[in-house]
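**Student:** Dropping in model_6.csv, with CSV, C-alpha atoms.
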chain,number,residue,atom,x,y,z
A,154,MET,CA,159.3,169.1,210.4
A,155,THR,CA,155.7,168.6,209.6
A,156,ALA,CA,153.9,171.7,208.1
A,157,ASN,CA,150.8,172.9,209.9
A,158,PRO,CA,147.6,172.1,207.9
A,159,PRO,CA,146.0,175.1,206.2
A,160,PRO,CA,143.2,176.8,208.1
A,161,PRO,CA,139.7,175.7,207.0
A,162,LEU,CA,138.1,177.8,204.3
A,163,VAL,CA,135.6,180.3,205.6
A,164,PRO,CA,133.1,181.6,203.1
A,165,VAL,CA,133.2,185.3,202.6
A,166,VAL,CA,129.8,187.0,202.9
A,167,GLU,CA,129.4,190.6,201.7
A,168,PRO,CA,128.3,192.8,204.5
A,169,ALA,CA,125.5,194.1,202.3
A,170,VAL,CA,123.8,190.7,202.2
A,171,ASP,CA,123.8,190.3,206.0
A,172,GLU,CA,122.5,193.9,206.3
A,173,LEU,CA,119.6,193.1,204.0
A,174,LEU,CA,118.7,190.1,206.2
A,175,GLN,CA,118.9,192.0,209.5
A,176,ASP,CA,115.7,191.9,211.5
A,177,VAL,CA,114.1,189.5,209.0
A,178,ASP,CA,112.4,186.2,210.0
A,179,GLY,CA,111.8,184.8,206.5
A,180,VAL,CA,112.5,185.4,202.8
A,181,VAL,CA,109.9,185.2,200.0
A,182,VAL,CA,111.0,185.5,196.3
A,183,ASP,CA,109.3,185.7,193.0
A,184,TRP,CA,110.4,183.2,190.3
A,185,ASP,CA,110.5,184.5,186.8
A,186,GLY,CA,113.1,187.3,186.5
A,187,THR,CA,114.0,187.0,190.2
A,188,VAL,CA,115.3,183.5,190.8
A,189,VAL,CA,115.8,182.7,187.1
A,190,ASP,CA,116.7,184.8,184.2
A,191,ASN,CA,114.2,183.3,181.7
A,192,ALA,CA,112.8,186.4,179.9
A,193,GLU,CA,114.5,185.5,176.6
A,194,ILE,CA,113.4,181.9,176.5
A,195,ARG,CA,109.8,182.8,177.6
A,196,LEU,CA,109.7,185.4,174.8
A,197,SER,CA,111.0,182.9,172.3
A,198,ALA,CA,108.5,180.3,173.3
A,199,LEU,CA,105.6,182.8,173.0
A,200,GLN,CA,106.8,184.0,169.6
A,201,GLN,CA,107.0,180.4,168.3
A,202,ALA,CA,103.5,179.6,169.7
A,203,LEU,CA,102.0,182.6,168.1
A,204,ALA,CA,103.8,182.4,164.8
A,205,PRO,CA,101.2,180.0,163.2
A,206,TYR,CA,98.6,182.7,163.8
A,207,GLY,CA,100.6,185.5,162.2
A,208,VAL,CA,101.1,187.3,165.5
A,209,ASP,CA,104.5,188.9,166.2
A,210,VAL,CA,105.7,189.9,169.7
A,211,ASP,CA,107.9,193.0,169.8
A,212,PRO,CA,110.7,192.4,172.3
A,213,GLN,CA,110.4,195.9,173.8
A,214,TRP,CA,106.7,195.5,174.3
A,215,TYR,CA,107.3,192.1,175.9
A,216,THR,CA,109.9,193.6,178.3
A,217,LEU,CA,107.3,196.1,179.6
A,218,ASN,CA,104.5,193.5,179.9
A,219,CYS,CA,106.2,190.2,180.7
A,220,GLY,CA,105.1,190.3,184.3
A,221,LEU,CA,101.5,189.7,183.2
A,222,PRO,CA,100.0,186.1,183.1
A,223,ILE,CA,100.4,184.6,179.7
A,224,ARG,CA,96.7,184.6,178.9
A,225,LYS,CA,96.5,188.4,179.5
A,226,LEU,CA,99.6,188.8,177.2
A,227,ILE,CA,97.9,186.8,174.4
A,228,THR,CA,94.7,188.7,174.8
A,229,ARG,CA,96.4,192.0,174.5
A,230,LEU,CA,98.5,190.8,171.5
A,231,ALA,CA,95.3,189.5,169.8
A,232,GLY,CA,93.6,192.9,169.8
A,233,ARG,CA,90.3,192.4,168.0
A,234,ARG,CA,91.4,189.0,166.6
A,235,THR,CA,90.1,185.8,168.1
A,236,LEU,CA,92.9,183.4,169.0
A,237,PRO,CA,92.9,179.9,170.5
A,238,VAL,CA,94.3,181.1,173.8
A,239,GLU,CA,94.5,177.7,175.5
A,240,GLU,CA,96.1,176.1,172.5
A,241,ILE,CA,98.8,178.8,172.4
A,242,VAL,CA,99.4,178.5,176.1
A,243,ARG,CA,99.9,174.7,175.8
A,244,ALA,CA,102.3,175.2,172.9
A,245,SER,CA,104.3,177.8,174.8
A,246,ARG,CA,104.6,175.6,177.8
A,247,ARG,CA,105.7,172.6,175.7
A,248,LEU,CA,108.5,174.7,174.3
A,249,LEU,CA,109.6,175.9,177.7
A,250,LEU,CA,109.5,172.5,179.4
A,251,GLY,CA,111.3,170.9,176.5
A,252,GLY,CA,114.1,173.4,176.4
A,253,PRO,CA,117.2,174.0,178.5
A,254,PRO,CA,116.8,175.2,182.1
A,255,PRO,CA,117.1,179.0,182.6
A,256,ARG,CA,120.1,180.7,184.1
A,257,LEU,CA,120.0,181.4,187.8
A,258,ILE,CA,120.2,185.0,189.0
A,259,ASP,CA,123.3,185.0,191.3
A,260,SER,CA,122.3,187.9,193.6
A,261,THR,CA,119.0,186.2,194.5
A,262,ILE,CA,120.6,182.8,195.0
A,263,ASP,CA,123.4,184.3,197.2
A,264,LEU,CA,120.7,186.0,199.4
A,265,LEU,CA,118.8,182.7,199.7
A,266,ARG,CA,121.9,180.7,200.5
A,267,ARG,CA,122.8,183.2,203.2
A,268,ALA,CA,119.2,183.0,204.6
A,269,GLU,CA,119.5,179.2,204.7
A,270,VAL,CA,122.8,179.5,206.7
A,271,LEU,CA,121.0,181.8,209.1
A,272,GLY,CA,118.1,179.4,209.5
A,273,LEU,CA,115.5,181.7,207.9
A,274,PRO,CA,112.6,179.9,206.1
A,275,ARG,CA,112.4,180.6,202.4
A,276,ALA,CA,109.6,180.4,199.8
A,277,VAL,CA,108.6,181.2,196.2
A,278,ALA,CA,105.6,183.4,195.5
A,279,SER,CA,105.1,183.2,191.8
A,280,ALA,CA,102.3,184.4,189.5
A,281,ALA,CA,103.3,181.6,187.1
A,282,ALA,CA,101.6,178.3,186.7
A,283,GLY,CA,102.9,175.5,188.9
A,284,VAL,CA,103.7,173.4,185.8
A,285,LEU,CA,106.3,175.9,184.9
A,286,VAL,CA,107.8,176.4,188.3
A,287,HIS,CA,107.9,173.1,190.1
A,288,PRO,CA,109.8,171.2,187.4
A,289,PHE,CA,112.5,173.8,187.2
A,290,VAL,CA,112.9,174.0,190.9
A,291,GLU,CA,113.8,170.3,190.8
A,292,ARG,CA,115.9,170.5,187.6
A,293,LEU,CA,118.0,173.3,189.0
A,294,GLY,CA,118.5,171.6,192.3
A,295,LEU,CA,116.7,174.2,194.3
A,296,GLY,CA,114.3,172.0,196.3
A,297,THR,CA,116.3,172.4,199.5
A,298,LEU,CA,116.9,176.1,199.1
A,299,LEU,CA,113.2,176.8,198.2
A,300,PRO,CA,111.2,174.1,199.9
A,301,VAL,CA,107.9,176.1,199.8
A,302,VAL,CA,106.4,177.1,196.4
A,303,VAL,CA,103.3,179.2,195.9
A,304,THR,CA,102.1,179.5,192.3
A,305,ALA,CA,99.1,180.9,190.4
A,306,GLU,CA,96.9,177.9,191.4
A,307,SER,CA,97.6,178.4,195.1
A,308,VAL,CA,95.6,181.7,195.4
A,309,THR,CA,92.4,183.2,194.2
A,310,ARG,CA,93.8,186.5,193.2
A,311,GLY,CA,97.0,187.0,191.2
A,312,LYS,CA,99.5,189.8,191.5
A,313,PRO,CA,99.3,192.8,192.2
A,314,ALA,CA,96.9,191.5,194.9
A,315,PRO,CA,98.9,190.4,197.9
A,316,ASP,CA,97.6,186.9,198.1
A,317,ALA,CA,100.7,185.0,196.8
A,318,TYR,CA,103.0,186.7,199.3
A,319,LEU,CA,100.5,186.3,202.1
A,320,GLU,CA,100.1,182.6,201.4
A,321,ALA,CA,103.9,182.1,201.3
A,322,ALA,CA,104.3,183.8,204.6
A,323,ARG,CA,101.5,181.7,206.1
A,324,LEU,CA,103.2,178.5,204.8
A,325,ILE,CA,106.6,179.3,206.3
A,326,GLY,CA,104.9,180.4,209.5
A,327,ARG,CA,106.1,184.0,209.6
A,328,ALA,CA,104.3,187.3,209.9
A,329,PRO,CA,104.4,189.2,206.6
A,330,ALA,CA,105.8,192.3,208.2
A,331,ARG,CA,108.8,190.2,209.3
A,332,CYS,CA,109.5,188.8,205.8
A,333,LEU,CA,111.8,190.2,203.1
A,334,ALA,CA,110.3,189.9,199.6
A,335,VAL,CA,112.3,189.9,196.3
A,336,ASP,CA,110.6,190.7,193.0
A,337,ASP,CA,111.4,192.2,189.6
A,338,ALA,CA,108.1,193.3,188.2
A,339,PRO,CA,105.9,196.3,189.2
A,340,ASP,CA,102.9,194.0,189.9
A,341,GLY,CA,105.0,191.8,192.0
A,342,ILE,CA,106.5,194.6,194.0
A,343,THR,CA,103.1,196.1,194.5
A,344,SER,CA,101.9,192.6,195.7
A,345,ALA,CA,104.7,192.3,198.3
A,346,LEU,CA,104.1,195.9,199.5
A,347,GLU,CA,100.4,195.2,199.9
A,348,ALA,CA,101.2,192.1,201.9
A,349,GLY,CA,103.2,194.4,204.3
A,350,MET,CA,106.6,193.0,203.5
A,351,ARG,CA,109.9,194.8,203.1
A,352,VAL,CA,111.0,194.6,199.5
A,353,LEU,CA,114.0,194.2,197.3
A,354,ALA,CA,113.7,194.8,193.5
A,355,VAL,CA,115.9,193.0,191.0
A,356,ARG,CA,117.5,195.5,188.7
A,357,ASP,CA,120.1,194.5,186.1
A,358,GLY,CA,120.9,191.4,188.2
A,359,LEU,CA,121.4,193.4,191.5
A,360,LEU,CA,119.1,193.5,194.5
A,361,VAL,CA,118.0,197.1,195.1
A,362,PRO,CA,116.1,198.0,198.3
A,363,VAL,CA,112.7,199.7,197.6
A,364,PRO,CA,113.1,203.1,199.2
A,365,GLY,CA,112.0,203.5,202.8
A,366,LEU,CA,111.3,199.8,203.4
A,367,ILE,CA,114.7,198.3,204.1
A,368,PRO,CA,116.5,199.2,207.4
A,369,GLY,CA,119.6,201.3,206.8
Show this structure as structure tokens.
**Tutor:**
Amino acid sequence: MTANPPPPLVPVVEPAVDELLQDVDGVVVDWDGTVVDNAEIRLSALQQALAPYGVDVDPQWYTLNCGLPIRKLITRLAGRRTLPVEEIVRASRRLLLGGPPPRLIDSTIDLLRRAEVLGLPRAVASAAAGVLVHPFVERLGLGTLLPVVVTAESVTRGKPAPDAYLEAARLIGRAPARCLAVDDAPDGITSALEAGMRVLAVRDGLLVPVPGLIPG
């Protein structure tokens, strides 16, 4: 007697993920700290780039300020000293691009994959330079999952202004109010709120609805 073939495997989707995507027409995510967990390697690259100038970077201070553009970070760290900011930026970028790719944040990737299954358009809205986002989108095999990428060069005003999120919504052809945004930094969350989007914050690797903005 021939045994019946096993039933096809059906992926199990946590109800919470589907609930977060209810009444949503598009998903827009930040990059650093949202799609990739790269805080440690960014800190290490900045520390190495600043070391020749005798400038140390306290990890706790960096955790509180890592959402800022790198030039603002360097300016704040310099205080009254004059530092070759562009040279330091180039050195930090060389170290990042020459190092291993960062780890993906599973909760964000799971949300994006479910959005893809549901046919929802997806985009990145990052305050980082394109040279630090586009290569890693490709290296990590995320080109299909995140086909639209907005970076610092794409807009006039950076976060906390809403420009990056508004541009991402425009490029995916969705009204901002119908988009779900995911970000980890205060400036990024403010940017998404100013754009009129519903927002999830990344906290300890989990997606946490910003109070009063996510249905249910």
**Student:** Closest to Tyr215 in chain A among A:Val182, A:Ile342, A:Val335, A:Ile194, using all atoms listed in the file?
**Tutor:**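 With all atoms listed in the file as the atom set, the closest residue is A:Ile194.
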**Student:** Extract, using only C-alpha atoms, all DNA, RNA and protein residues at most 6 Å from Gly349 in chain A, discarding same-chain residues fewer than 2 positions from it, and format them as a ChimeraX atom specification.
**Tutor:** /A:329-330,346-347
**Student:** Do a neighbour search on range 220-227 of chain A at 12 Å with all atoms listed in the file, toss out local chain neighbours closer than 4 positions, and write the hits as a PDB file with C-alpha atoms, keeping the file's coordinate frame.
**Tutor:**
ATOM      1  CA  ASP A 183     109.300 185.700 193.000  1.00  0.00           C
ATOM      2  CA  TRP A 184     110.400 183.200 190.300  1.00  0.00           C
ATOM      3  CA  ASP A 185     110.500 184.500 186.800  1.00  0.00           C
ATOM      4  CA  GLY A 186     113.100 187.300 186.500  1.00  0.00           C
ATOM      5  CA  THR A 187     114.000 187.000 190.200  1.00  0.00           C
ATOM      6  CA  ASN A 191     114.200 183.300 181.700  1.00  0.00           C
ATOM      7  CA  ALA A 192     112.800 186.400 179.900  1.00  0.00           C
ATOM      8  CA  ARG A 195     109.800 182.800 177.600  1.00  0.00           C
ATOM      9  CA  LEU A 196     109.700 185.400 174.800  1.00  0.00           C
ATOM     10  CA  ALA A 198     108.500 180.300 173.300  1.00  0.00           C
ATOM     11  CA  LEU A 199     105.600 182.800 173.000  1.00  0.00           C
ATOM     12  CA  GLN A 200     106.800 184.000 169.600  1.00  0.00           C
ATOM     13  CA  ALA A 202     103.500 179.600 169.700  1.00  0.00           C
ATOM     14  CA  LEU A 203     102.000 182.600 168.100  1.00  0.00           C
ATOM     15  CA  TYR A 206      98.600 182.700 163.800  1.00  0.00           C
ATOM     16  CA  VAL A 208     101.100 187.300 165.500  1.00  0.00           C
ATOM     17  CA  ASP A 209     104.500 188.900 166.200  1.00  0.00           C
ATOM     18  CA  VAL A 210     105.700 189.900 169.700  1.00  0.00           C
ATOM     19  CA  ASP A 211     107.900 193.000 169.800  1.00  0.00           C
ATOM     20  CA  TRP A 214     106.700 195.500 174.300  1.00  0.00           C
ATOM     21  CA  TYR A 215     107.300 192.100 175.900  1.00  0.00           C
ATOM     22  CA  THR A 216     109.900 193.600 178.300  1.00  0.00           C
ATOM     23  CA  ALA A 231      95.300 189.500 169.800  1.00  0.00           C
ATOM     24  CA  GLY A 232      93.600 192.900 169.800  1.00  0.00           C
ATOM     25  CA  ARG A 233      90.300 192.400 168.000  1.00  0.00           C
ATOM     26  CA  ARG A 234      91.400 189.000 166.600  1.00  0.00           C
ATOM     27  CA  THR A 235      90.100 185.800 168.100  1.00  0.00           C
ATOM     28  CA  LEU A 236      92.900 183.400 169.000  1.00  0.00           C
ATOM     29  CA  PRO A 237      92.900 179.900 170.500  1.00  0.00           C
ATOM     30  CA  VAL A 238      94.300 181.100 173.800  1.00  0.00           C
ATOM     31  CA  GLU A 239      94.500 177.700 175.500  1.00  0.00           C
ATOM     32  CA  GLU A 240      96.100 176.100 172.500  1.00  0.00           C
ATOM     33  CA  ILE A 241      98.800 178.800 172.400  1.00  0.00           C
ATOM     34  CA  VAL A 242      99.400 178.500 176.100  1.00  0.00           C
ATOM     35  CA  ARG A 243      99.900 174.700 175.800  1.00  0.00           C
ATOM     36  CA  ALA A 244     102.300 175.200 172.900  1.00  0.00           C
ATOM     37  CA  SER A 245     104.300 177.800 174.800  1.00  0.00           C
ATOM     38  CA  ARG A 246     104.600 175.600 177.800  1.00  0.00           C
ATOM     39  CA  SER A 279     105.100 183.200 191.800  1.00  0.00           C
ATOM     40  CA  ALA A 280     102.300 184.400 189.500  1.00  0.00           C
ATOM     41  CA  ALA A 281     103.300 181.600 187.100  1.00  0.00           C
ATOM     42  CA  ALA A 282     101.600 178.300 186.700  1.00  0.00           C
ATOM     43  CA  LEU A 285     106.300 175.900 184.900  1.00  0.00           C
ATOM     44  CA  THR A 304     102.100 179.500 192.300  1.00  0.00           C
ATOM     45  CA  ALA A 305      99.100 180.900 190.400  1.00  0.00           C
ATOM     46  CA  ARG A 310      93.800 186.500 193.200  1.00  0.00           C
ATOM     47  CA  GLY A 311      97.000 187.000 191.200  1.00  0.00           C
ATOM     48  CA  LYS A 312      99.500 189.800 191.500  1.00  0.00           C
ATOM     49  CA  PRO A 313      99.300 192.800 192.200  1.00  0.00           C
ATOM     50  CA  ASP A 336     110.600 190.700 193.000  1.00  0.00           C
ATOM     51  CA  ASP A 337     111.400 192.200 189.600  1.00  0.00           C
ATOM     52  CA  ALA A 338     108.100 193.300 188.200  1.00  0.00           C
ATOM     53  CA  PRO A 339     105.900 196.300 189.200  1.00  0.00           C
ATOM     54  CA  ASP A 340     102.900 194.000 189.900  1.00  0.00           C
ATOM     55  CA  GLY A 341     105.000 191.800 192.000  1.00  0.00           C
ATOM     56  CA  ILE A 342     106.500 194.600 194.000  1.00  0.00           C
ATOM     57  CA  THR A 343     103.100 196.100 194.500  1.00  0.00           C
TER      58      THR A 343
END
**Student:** Separation of CA of Gln201 in chain A and CA of Val189 in chain A, in Å?
**Tutor:**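 If I compute the distance from CA of Gln201 in chain A to CA of Val189 in chain A, I get 20.9 Å.
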**Student:** Select, from A:Leu230, A:Leu298, A:Met350, A:Leu250, the residue with the minimum atom-to-atom distance to Val270 in chain A, counting all atoms listed in the file.
**Tutor:**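 When distances to Val270 in chain A are compared using all atoms listed in the file, the smallest one comes from A:Leu298.
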**Student:** Any idea what the distance is between CA of Val302 in chain A and CA of Ala276 in chain A?
**Tutor:**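 If I compute the distance from CA of Val302 in chain A to CA of Ala276 in chain A, I get 5.7 Å.
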**Student:** Which residue out of A:Val180, A:Ile325, A:Leu319, A:Pro205 has the minimum interatomic distance to Ile262 in chain A when all atoms listed in the file are used?
**Tutor:**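 Closest candidate: A:Val180.
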**Student:** If we draw a sphere of 12 Å around (103.1, 180.9, 207.6), which residues have at least one atom in it when counting all atoms listed in the file? Please report them as a list of chain:residue names.
**Tutor:** A:Asp178, A:Gly179, A:Val180, A:Val181, A:Pro274, A:Arg275, A:Ala276, A:Val301, A:Val303, A:Ala317, A:Tyr318, A:Leu319, A:Glu320, A:Ala321, A:Ala322, A:Arg323, A:Leu324, A:Ile325, A:Gly326, A:Arg327, A:Ala328, A:Pro329, A:Ala330, A:Arg331, A:Cys332
**Student:** Work out how far apart CA of Arg292 in chain A and CA of Asp190 in chain A are and give it in Å to one decimal.
**Tutor:**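 Here the two named atoms are 14.7 Å from each other.
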**Student:** May I ask which of the residues A:Leu248, A:Ala348, A:Leu257, A:Ala334 is the closest one to Leu174 in chain A, counting only C-alpha atoms?
**Tutor:**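 Nearest candidate to Leu174 in chain A out of A:Leu248, A:Ala348, A:Leu257, A:Ala334: A:Ala334.
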**Student:** Restricting the calculation to all atoms listed in the file, which member of A:Ile258, A:Val188, A:Val177, A:Val308 is positioned closest to Gly358 in chain A?
**Tutor:**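 Checking each candidate against Gly358 in chain A, we get A:Ile258 as the closest.
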**Student:** Between A:Asp316, A:Asp263, A:Glu172, A:Glu269, which is the closest to Pro300 in chain A once you count only C-alpha atoms?
**Tutor:**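 For Pro300 in chain A, the nearest of the candidates is A:Glu269.
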